Amino acid sequence: LNDGCGAEHVQKAKKAPSGIDIAASAARGTRFASLDGDADRVVYFYCAKGSDAPVLLDGDRILILLAEHVSHLLKGTGLAGSLSLGVVQTAYANGASTAYLKSKVPPECHAFAATGVKHLHHKALDYDIGAYFEANGHGTVTFNAKAVSAIQKKAADGGGEDARQLEALTRLINPAIGDAISDVLAVEGVLALKGWSLSDWSGMYQDLPSRMTKEMVKDRTAIKTIPDETKVTQPAELQPEIDALVAKVPQGRCFVRPSGTEDCVRVYAEGSTQEAADKLAEDVGVVVRRILG
């Protein structure tokens, strides 16, 4: 089902599904939503004229589109002060998306969680309304009973168009972990309300170049991190060396974490250029191998 197509193929390989005529799709301005085989993940893409690679709109962008719209509706209904909104990301979220989010929502509305939707979902439930997506397009928006009741009451009491839209979202979005079809419908609804094309959506911010690598080590469990995995606590000497390398890179960011599936350590790095991100990942990898063997 996912051979040469699907959300993971488009998001990780950054290639259009096999069989897509990129030039013709660019000429027609076709918009694509790419789901994986069991329809729990979705990413969007479109084809730009003169480029062989699709323009990707991943889970980070879906999260921001939906969260910013929910925040707008909460303000419009007067419920922003009584209902808490939480926007949850993992450390793998592109730093540009995090910076954009923090410019749009109060600091207390943004949180990181450990990698994996089970951790994101658990953290999202700390809020009356919790929005989360991994970059691979796996995520949703949750509304607790308090939020649903308050929103329904506002809509029933003549709260206006914003209240009606917010109430409709509570019925449209599936709060279960991963329903890509309802996510597509929610995205299409928000884009229609905004009158946006995928190009408009893509223009919200520009991703920072990044690189993810893995380092084979004797014992990946020797690495311990803080709960959101953005900092290493053990070995004690590792994080200071990472910090020193990051400080040399414009817009640099890097973290390491033990893999949950392989006996290796995963390294994620960002920088102002692809070359800088690649070099940072390489340099941190050298440090990881030296310290962990």
# chains A, B, ... in the order shown; residues from 1 in each chain; ligands from 1
$ residues_around --residues "Leu83 of chain A" --least-positions-apart "5" --cutoff "10 Å" --atoms "only C-alpha atoms" --output "count of residues only"
11
$ select_by_dssp --residues "segment 51-256 of chain A" --states "helix (DSSP H, G or I)" --output "PyMOL selection string"
chain A and resi 59-77+95-104+107-109+117-124+145-156+161-172+180-194+198-202+220-222+238-246
$ residues_around --residues "segment 285-288 of chain A" --least-positions-apart "3" --cutoff "12 Å" --atoms "only C-alpha atoms" --output "JSON, numbers by chain"
{"A": [211, 212, 213, 214, 215, 216, 217, 218, 219, 220, 222, 223, 232, 234, 235, 237, 238, 239, 240, 241, 242, 243, 244, 245, 254, 255, 256, 257, 258, 264, 265, 266, 267, 268, 269, 278, 279, 280, 281, 282, 291, 292, 293]}
$ closest_residue --among "A:Ser259, A:Ser18, A:Ser25, A:Gln165" --to "Thr77 of chain A" --atoms "only C-alpha atoms"
A:Gln165
$ residues_around --residues "segment 36-42 of chain A" --least-positions-apart "2" --cutoff "10 Å" --atoms "only C-alpha atoms" --output "PyMOL selection string"
chain A and resi 1-3+5-11+33-34+44+57-59+62+133-140+176-184
$ closest_residue --among "A:Ala13, A:Ala277, A:Ala93, A:Val87" --to "Ala124 of chain A" --atoms "only C-alpha atoms"
A:Val87
$ select_by_dssp --residues "segment 17-244 of chain A" --states "strand (DSSP E or B)" --output "VMD selection string"
chain A and resid 31 to 35 42 to 47 54 to 57 85 to 89 110 to 112 129 to 133 139 to 143 210 to 216 224 to 225 232 to 234
$ residues_around --residues "Phe112 of chain A" --least-positions-apart "4" --cutoff "7 Å" --atoms "only C-alpha atoms" --output "PDB file with N, CA, C and O atoms, in the first residue's frame"
ATOM      1  N   VAL A  88       1.278  21.071  20.993  1.00  0.00           N
ATOM      2  CA  VAL A  88       2.338  20.164  21.443  1.00  0.00           C
ATOM      3  C   VAL A  88       3.145  19.662  20.246  1.00  0.00           C
ATOM      4  O   VAL A  88       2.583  19.191  19.249  1.00  0.00           O
ATOM      5  N   GLN A  89       4.468  19.768  20.365  1.00  0.00           N
ATOM      6  CA  GLN A  89       5.380  19.289  19.333  1.00  0.00           C
ATOM      7  C   GLN A  89       6.415  18.350  19.956  1.00  0.00           C
ATOM      8  O   GLN A  89       6.579  18.312  21.177  1.00  0.00           O
ATOM      9  N   THR A  90       7.129  17.626  19.116  1.00  0.00           N
ATOM     10  CA  THR A  90       8.302  16.885  19.572  1.00  0.00           C
ATOM     11  C   THR A  90       9.543  17.692  19.196  1.00  0.00           C
ATOM     12  O   THR A  90       9.486  18.662  18.433  1.00  0.00           O
ATOM     13  N   ALA A  91      10.682  17.254  19.715  1.00  0.00           N
ATOM     14  CA  ALA A  91      11.935  17.940  19.410  1.00  0.00           C
ATOM     15  C   ALA A  91      12.258  17.887  17.921  1.00  0.00           C
ATOM     16  O   ALA A  91      13.036  18.712  17.421  1.00  0.00           O
ATOM     17  N   ASP A 228      11.389  15.796  27.504  1.00  0.00           N
ATOM     18  CA  ASP A 228      11.043  16.139  26.120  1.00  0.00           C
ATOM     19  C   ASP A 228      12.170  15.841  25.132  1.00  0.00           C
ATOM     20  O   ASP A 228      12.062  16.141  23.952  1.00  0.00           O
TER      21      ASP A 228
END
$ residues_around --residues "Pro107 of chain A" --least-positions-apart "4" --cutoff "12 Å" --atoms "only C-alpha atoms" --output "number ranges by chain"
A: 85-88, 98-103, 111-112
$ atom_distance --atom1 "atom CA of Pro54 of chain A" --atom2 "atom CA of Asp207 of chain A"
14.4 Å
$ residues_around --residues "Ile20 of chain A" --least-positions-apart "6" --cutoff "12 Å" --atoms "only C-alpha atoms" --output "tab-separated table (two decimals) with all heavy atoms, in the first residue's frame"
chain	number	residue	atom	x	y	z
A	4	GLY	N	6.28	3.30	-2.89
A	4	GLY	CA	6.44	4.42	-3.81
A	4	GLY	C	5.38	5.49	-3.67
A	4	GLY	O	5.21	6.33	-4.57
A	5	CYS	N	4.66	5.47	-2.55
A	5	CYS	CA	3.62	6.48	-2.34
A	5	CYS	C	3.33	6.57	-0.85
A	5	CYS	O	3.99	5.94	-0.03
A	5	CYS	CB	2.34	6.11	-3.10
A	5	CYS	SG	1.59	4.57	-2.53
A	10	VAL	N	6.37	10.54	0.83
A	10	VAL	CA	6.46	11.95	0.44
A	10	VAL	C	7.24	12.76	1.47
A	10	VAL	O	8.08	13.59	1.11
A	10	VAL	CB	5.04	12.53	0.24
A	10	VAL	CG1	5.11	14.03	-0.03
A	10	VAL	CG2	4.32	11.83	-0.89
A	26	ALA	N	2.07	20.70	-11.89
A	26	ALA	CA	2.45	22.10	-11.63
A	26	ALA	C	1.67	23.04	-12.54
A	26	ALA	O	1.21	24.10	-12.11
A	26	ALA	CB	3.95	22.27	-11.84
A	30	THR	N	-2.41	21.48	-9.24
A	30	THR	CA	-3.07	20.42	-8.49
A	30	THR	C	-2.58	20.38	-7.04
A	30	THR	O	-1.38	20.53	-6.78
A	30	THR	CB	-2.80	19.04	-9.14
A	30	THR	OG1	-3.15	19.10	-10.51
A	30	THR	CG2	-3.60	17.95	-8.45
A	31	ARG	N	-3.49	20.18	-6.10
A	31	ARG	CA	-3.13	20.01	-4.70
A	31	ARG	C	-3.30	18.54	-4.35
A	31	ARG	O	-4.25	17.88	-4.77
A	31	ARG	CB	-3.97	20.89	-3.79
A	31	ARG	CG	-5.43	20.56	-3.78
A	31	ARG	CD	-6.28	21.74	-3.38
A	31	ARG	NE	-6.29	22.03	-1.97
A	31	ARG	CZ	-6.74	23.18	-1.46
A	31	ARG	NH1	-7.19	24.13	-2.28
A	31	ARG	NH2	-6.76	23.39	-0.18
A	32	PHE	N	-2.36	18.04	-3.56
A	32	PHE	CA	-2.37	16.63	-3.20
A	32	PHE	C	-2.38	16.47	-1.68
A	32	PHE	O	-1.69	17.19	-0.97
A	32	PHE	CB	-1.12	15.93	-3.73
A	32	PHE	CG	-1.02	15.86	-5.23
A	32	PHE	CD1	-0.40	16.87	-5.94
A	32	PHE	CD2	-1.54	14.78	-5.92
A	32	PHE	CE1	-0.29	16.81	-7.32
A	32	PHE	CE2	-1.45	14.71	-7.31
A	32	PHE	CZ	-0.82	15.73	-8.01
A	34	SER	N	-1.53	13.25	0.72
A	34	SER	CA	-0.98	11.92	0.63
A	34	SER	C	-1.15	11.20	1.96
A	34	SER	O	-0.56	11.61	2.98
A	34	SER	CB	0.51	11.99	0.24
A	34	SER	OG	1.02	10.71	-0.06
A	45	PHE	N	1.08	18.16	-0.44
A	45	PHE	CA	2.16	18.67	-1.29
A	45	PHE	C	1.56	19.23	-2.57
A	45	PHE	O	0.42	18.92	-2.94
A	45	PHE	CB	3.21	17.60	-1.59
A	45	PHE	CG	2.77	16.51	-2.54
A	45	PHE	CD1	2.98	16.62	-3.92
A	45	PHE	CD2	2.15	15.37	-2.06
A	45	PHE	CE1	2.58	15.62	-4.79
A	45	PHE	CE2	1.73	14.36	-2.93
A	45	PHE	CZ	1.96	14.48	-4.30
A	46	TYR	N	2.36	20.06	-3.21
A	46	TYR	CA	2.01	20.51	-4.55
A	46	TYR	C	3.28	20.58	-5.36
A	46	TYR	O	4.40	20.52	-4.81
A	46	TYR	CB	1.28	21.85	-4.54
A	46	TYR	CG	2.09	23.04	-4.07
A	46	TYR	CD1	2.74	23.89	-4.97
A	46	TYR	CD2	2.18	23.35	-2.71
A	46	TYR	CE1	3.45	25.00	-4.54
A	46	TYR	CE2	2.90	24.44	-2.27
A	46	TYR	CZ	3.54	25.27	-3.19
A	46	TYR	OH	4.27	26.35	-2.76
A	47	CYS	N	3.15	20.67	-6.66
A	47	CYS	CA	4.31	20.69	-7.55
A	47	CYS	C	4.49	22.11	-8.09
A	47	CYS	O	3.53	22.72	-8.57
A	47	CYS	CB	4.11	19.71	-8.71
A	47	CYS	SG	3.82	18.01	-8.17
A	52	ASP	N	11.70	19.58	-9.72
A	52	ASP	CA	11.41	18.14	-9.75
A	52	ASP	C	10.91	17.63	-8.40
A	52	ASP	O	10.39	16.51	-8.32
A	52	ASP	CB	12.66	17.35	-10.15
A	52	ASP	CG	13.08	17.61	-11.59
A	52	ASP	OD1	12.18	17.93	-12.40
A	52	ASP	OD2	14.27	17.50	-11.89
A	53	ALA	N	11.11	18.42	-7.36
A	53	ALA	CA	10.73	17.98	-6.01
A	53	ALA	C	9.40	18.63	-5.61
A	53	ALA	O	9.14	19.80	-5.92
A	53	ALA	CB	11.81	18.37	-5.01
A	54	PRO	N	8.53	17.89	-4.93
A	54	PRO	CA	7.27	18.47	-4.47
A	54	PRO	C	7.51	19.47	-3.35
A	54	PRO	O	8.50	19.37	-2.62
A	54	PRO	CB	6.49	17.25	-3.97
A	54	PRO	CG	7.54	16.29	-3.54
A	54	PRO	CD	8.69	16.48	-4.50
$ atom_distance --atom1 "atom CA of Lys224 of chain A" --atom2 "atom CA of Thr273 of chain A"
29.2 Å
$ decode --residues "segment 63-116 of chain A" --atoms "C-alpha atoms" --output "PDB file, in the first residue's frame"
ATOM      1  CA  LEU A  63      -0.546  21.627  13.274  1.00  0.00           C
ATOM      2  CA  ILE A  64       0.104  25.338  12.843  1.00  0.00           C
ATOM      3  CA  LEU A  65      -2.754  25.820  10.366  1.00  0.00           C
ATOM      4  CA  LEU A  66      -5.295  24.152  12.671  1.00  0.00           C
ATOM      5  CA  ALA A  67      -3.952  25.527  15.968  1.00  0.00           C
ATOM      6  CA  GLU A  68      -3.777  29.104  14.722  1.00  0.00           C
ATOM      7  CA  HIS A  69      -7.339  28.856  13.392  1.00  0.00           C
ATOM      8  CA  VAL A  70      -8.648  27.412  16.673  1.00  0.00           C
ATOM      9  CA  SER A  71      -6.851  30.202  18.567  1.00  0.00           C
ATOM     10  CA  HIS A  72      -8.474  32.780  16.257  1.00  0.00           C
ATOM     11  CA  LEU A  73     -11.933  31.288  16.853  1.00  0.00           C
ATOM     12  CA  LEU A  74     -11.442  31.154  20.624  1.00  0.00           C
ATOM     13  CA  LYS A  75     -10.628  34.867  20.630  1.00  0.00           C
ATOM     14  CA  GLY A  76     -13.595  35.622  18.387  1.00  0.00           C
ATOM     15  CA  THR A  77     -16.013  33.786  20.666  1.00  0.00           C
ATOM     16  CA  GLY A  78     -14.627  35.264  23.873  1.00  0.00           C
ATOM     17  CA  LEU A  79     -13.664  31.793  25.131  1.00  0.00           C
ATOM     18  CA  ALA A  80      -9.894  32.309  25.018  1.00  0.00           C
ATOM     19  CA  GLY A  81      -9.796  33.323  28.671  1.00  0.00           C
ATOM     20  CA  SER A  82     -11.809  30.367  29.950  1.00  0.00           C
ATOM     21  CA  LEU A  83     -10.528  27.502  27.795  1.00  0.00           C
ATOM     22  CA  SER A  84      -6.855  26.553  27.664  1.00  0.00           C
ATOM     23  CA  LEU A  85      -5.274  25.793  24.280  1.00  0.00           C
ATOM     24  CA  GLY A  86      -2.131  23.683  24.108  1.00  0.00           C
ATOM     25  CA  VAL A  87       0.016  23.142  21.012  1.00  0.00           C
ATOM     26  CA  VAL A  88       2.338  20.164  21.443  1.00  0.00           C
ATOM     27  CA  GLN A  89       5.380  19.289  19.333  1.00  0.00           C
ATOM     28  CA  THR A  90       8.302  16.885  19.572  1.00  0.00           C
ATOM     29  CA  ALA A  91      11.935  17.940  19.410  1.00  0.00           C
ATOM     30  CA  TYR A  92      11.930  16.829  15.754  1.00  0.00           C
ATOM     31  CA  ALA A  93       9.593  19.672  14.815  1.00  0.00           C
ATOM     32  CA  ASN A  94      11.451  22.111  12.603  1.00  0.00           C
ATOM     33  CA  GLY A  95      12.752  25.065  14.609  1.00  0.00           C
ATOM     34  CA  ALA A  96      11.139  27.525  12.195  1.00  0.00           C
ATOM     35  CA  SER A  97       7.716  26.032  12.945  1.00  0.00           C
ATOM     36  CA  THR A  98       8.330  26.345  16.684  1.00  0.00           C
ATOM     37  CA  ALA A  99       9.460  29.957  16.331  1.00  0.00           C
ATOM     38  CA  TYR A 100       6.365  30.762  14.262  1.00  0.00           C
ATOM     39  CA  LEU A 101       4.076  29.098  16.805  1.00  0.00           C
ATOM     40  CA  LYS A 102       5.639  30.983  19.688  1.00  0.00           C
ATOM     41  CA  SER A 103       5.045  34.238  17.835  1.00  0.00           C
ATOM     42  CA  LYS A 104       1.345  33.444  17.544  1.00  0.00           C
ATOM     43  CA  VAL A 105       0.377  31.814  20.853  1.00  0.00           C
ATOM     44  CA  PRO A 106       1.306  32.664  24.476  1.00  0.00           C
ATOM     45  CA  PRO A 107       4.282  30.733  25.913  1.00  0.00           C
ATOM     46  CA  GLU A 108       2.041  28.709  28.207  1.00  0.00           C
ATOM     47  CA  CYS A 109       0.196  27.384  25.151  1.00  0.00           C
ATOM     48  CA  HIS A 110       3.265  25.664  23.665  1.00  0.00           C
ATOM     49  CA  ALA A 111       4.831  22.453  24.950  1.00  0.00           C
ATOM     50  CA  PHE A 112       7.244  19.731  23.886  1.00  0.00           C
ATOM     51  CA  ALA A 113       6.720  16.017  24.478  1.00  0.00           C
ATOM     52  CA  ALA A 114       8.867  12.947  23.938  1.00  0.00           C
ATOM     53  CA  THR A 115       8.896  11.404  20.467  1.00  0.00           C
ATOM     54  CA  GLY A 116       5.832   9.304  19.661  1.00  0.00           C
TER      55      GLY A 116
END
